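A.B. asks: Before I ask anything, let me first share the structure, which is written out below as structure tokens.
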Amino acid sequence: MDVHTVTAGATEFTCNAYLVTGRVPTLIDAGAMPGVENEIARYTDDVDRVVLTHQHGDHVAELDAVLDAFDADLYAAGDHPRRAVPLADGDEVTVGDADYEVVGTPGHADDHVSLVGETTVFSGDLVVYDDGAFDDGSFGRTDMTGQSRETLIESVRALLDRLPASATRLCAGHGSVFDAEESDDSLRDVVERALRRAERREPKYPDE
């Protein structure tokens, strides 16, 4: 199973969209890079499903283009006219060659979910490794309408509760992929650091 960040070459603001190849080729978020379907096609001509962490514009702007290009099924926690499979906390979904637990993680968005596997976590915008605010464990912004820092804090705690010791890689919606095998930190260290920073209840960015 390989993970490719198919929006890596974007010149516009977008999330990281991850193509996971394997038995069940899966795209985690569609991003906002025009032509992303062509980048996906460099790796595979088959995408079975698109799984959304949440439906902010930078994660779904190119969703229709991807669904149309690959006739893929849409998995999402929030309502969407093209949703084929609803996701809920505690569900299991196959991504590539592995099964992932769906963890409901609202706060940054009401419909936010994270995917927790034995070795890899797709955290969307709940927890990221580096994003300009912090470089070694950060959290999603909560200063916009409909967002809640308190809810996000509870979601990060829930993620920690369900994080297996074997998980070493964090594929977040923004910033770099974190791999504990290339770091002195564990994945738990990074998530716990993000939690402590969120718990300060201070603005993430100075202009918030």
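Please note that chains go A, B, ... in the order of the structure tokens, that every chain numbers its residues from 1, and that ligands are numbered from 1 in the order shown.
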Just the residues within 9 Å of Leu115 (chain A), please, counting only C-alpha atoms, with nothing from its chain fewer than 4 positions along; format it as a list in words.
C.D. replies: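 Residues meeting the cut-off are Thr53, Glu92, Val93, Tyr100, Glu101, Val102, Val103, Gly104, Thr120, Val121, Phe122, Ser123 and Gly124 of chain A.
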A.B. asks: Deliver the residues from the most recent selection as a file, using C-alpha atoms, as a PDB file, in the first residue's frame.
C.D. replies:
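The resulting file, part.pdb, is reproduced below:
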ATOM      1  CA  THR A  53     -12.558  14.031   6.546  1.00  0.00           C
ATOM      2  CA  GLU A  92     -14.768   0.598   9.854  1.00  0.00           C
ATOM      3  CA  VAL A  93     -13.712   1.488   6.326  1.00  0.00           C
ATOM      4  CA  TYR A 100      -9.437   1.977   9.486  1.00  0.00           C
ATOM      5  CA  GLU A 101     -11.647   2.973  12.391  1.00  0.00           C
ATOM      6  CA  VAL A 102     -13.735   6.091  11.867  1.00  0.00           C
ATOM      7  CA  VAL A 103     -13.372   8.446  14.834  1.00  0.00           C
ATOM      8  CA  GLY A 104     -15.776  11.356  15.044  1.00  0.00           C
ATOM      9  CA  THR A 120      -1.298   5.330   9.797  1.00  0.00           C
ATOM     10  CA  VAL A 121      -3.731   8.042  10.898  1.00  0.00           C
ATOM     11  CA  PHE A 122      -5.529  10.343   8.461  1.00  0.00           C
ATOM     12  CA  SER A 123      -6.370  13.250  10.751  1.00  0.00           C
ATOM     13  CA  GLY A 124      -7.801  15.838   8.365  1.00  0.00           C
TER      14      GLY A 124
END
A.B. asks: With distances taken over only C-alpha atoms, which residue among A:Ala61, A:Leu160, A:Leu19, A:Ala30 lies nearest Thr44 (chain A)?
C.D. replies: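 For Thr44 (chain A), the nearest of the given residues is A:Leu19.
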A.B. asks: Per DSSP on the backbone, what are the strand (DSSP E) residues of region 16-193 of chain A, as a ChimeraX atom specification?
C.D. replies: /A:18-20,26-28,49-51,73-76,83-86,92-95,98-104,113-116,120-124,127-128,138-139,169-172,178-179
A.B. asks: Determine, counting only C-alpha atoms, which protein, DNA and RNA residues have an atom within 7 Å of an atom of Ile28 (chain A); residues of the same chain fewer than 2 positions away are not included. Present the result as a list in words.
C.D. replies: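 In the requested format, the answer is Ala17, Tyr18, Leu19, Thr26, Ala30, Val50, Val51 and Leu52 of chain A.
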A.B. asks: Need to verify the contact set: region 154-156 of chain A, 8 Å, only C-alpha atoms, exclusion of same-chain residues closer than 3 positions in sequence. Can you return it as a list in words?
C.D. replies: Gly104, Thr105, Pro106, Gly107, Leu126, Val127, Glu150, Thr151, Leu159, Leu160, Val191 and Leu195 of chain A
A.B. asks: Residues at most 12 Å from Asp136 (chain A), counting only C-alpha atoms, excluding those fewer than 2 positions away in the same chain, as a ChimeraX atom specification?
C.D. replies: /A:127-134,138-139,170,175-180,183-195,197
A.B. asks: How far is it from CA of Tyr43 (chain A) to CA of Thr7 (chain A), in Å with one decimal?
C.D. replies: 13.0 Å
A.B. asks: Find the residue from A:Pro86, A:Gly173, A:Gly22, A:Gly31 that sits nearest to Val60 (chain A); use only C-alpha atoms when measuring.
C.D. replies: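 Answer, going by the shortest atom-to-atom distance: A:Gly31.
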A.B. asks: Run DSSP on the backbone of this structure and report the residues of chain A it assigns to helix (DSSP H, G or I), as JSON, numbers by chain.
C.D. replies: {"A": [36, 37, 38, 39, 40, 41, 57, 58, 59, 60, 63, 64, 65, 66, 67, 68, 69, 70, 149, 150, 151, 152, 153, 154, 155, 156, 157, 158, 159, 160, 161, 180, 181, 182, 187, 188, 189, 190, 191, 192, 193, 194, 195, 196, 197, 198, 199]}
A.B. asks: Give me the residues near Thr142 (chain A) as a PyMOL selection string, where near means some atom within 7 Å (using only C-alpha atoms) and where sequence neighbours in that chain fewer than 3 positions away do not count.
C.D. replies: chain A and resi 107-108+147-149
A.B. asks: Kindly export the residues of the current selection with N, CA and C atoms, as a compact mmCIF listing (two decimals), in the first residue's frame.
C.D. replies:
# COMPACT_ATOMS: atom_id res chain seq x y z
N GLY A 107 -15.16 19.91 15.84
CA GLY A 107 -14.50 21.05 16.48
C GLY A 107 -14.03 22.02 15.42
N HIS A 108 -13.20 21.54 14.50
CA HIS A 108 -12.82 22.33 13.33
C HIS A 108 -13.98 22.39 12.34
N GLN A 147 -17.15 26.78 14.51
CA GLN A 147 -16.05 26.00 15.07
C GLN A 147 -16.00 26.16 16.58
N SER A 148 -15.38 25.20 17.27
CA SER A 148 -15.33 25.22 18.73
C SER A 148 -14.01 24.66 19.23
N ARG A 149 -13.25 25.46 19.96
CA ARG A 149 -12.00 24.97 20.54
C ARG A 149 -12.27 23.88 21.57
A.B. asks: When you look at Leu87 (chain A) with a cut-off of 8 Å (counting only C-alpha atoms), what residues show up, excluding the ones that are within fewer than 5 positions of it in the same chain? I need them as a PDB file with N, CA and C atoms, in the first residue's frame.
C.D. replies:
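What landed in result03.pdb:
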ATOM      1  N   TYR A  75     -17.805   8.521   0.499  1.00  0.00           N
ATOM      2  CA  TYR A  75     -17.998   8.206   1.911  1.00  0.00           C
ATOM      3  C   TYR A  75     -17.839   9.502   2.692  1.00  0.00           C
ATOM      4  N   ALA A  76     -18.831   9.866   3.483  1.00  0.00           N
ATOM      5  CA  ALA A  76     -18.766  11.132   4.216  1.00  0.00           C
ATOM      6  C   ALA A  76     -19.659  11.068   5.446  1.00  0.00           C
ATOM      7  N   ALA A  77     -19.262  11.798   6.487  1.00  0.00           N
ATOM      8  CA  ALA A  77     -20.087  11.873   7.688  1.00  0.00           C
ATOM      9  C   ALA A  77     -21.221  12.880   7.512  1.00  0.00           C
ATOM     10  N   GLY A  78     -20.937  13.980   6.836  1.00  0.00           N
ATOM     11  CA  GLY A  78     -21.957  14.998   6.628  1.00  0.00           C
ATOM     12  C   GLY A  78     -22.796  14.716   5.400  1.00  0.00           C
ATOM     13  N   VAL A 102     -13.270   4.714  11.987  1.00  0.00           N
ATOM     14  CA  VAL A 102     -13.735   6.091  11.867  1.00  0.00           C
ATOM     15  C   VAL A 102     -13.904   6.660  13.271  1.00  0.00           C
TER      16      VAL A 102
END
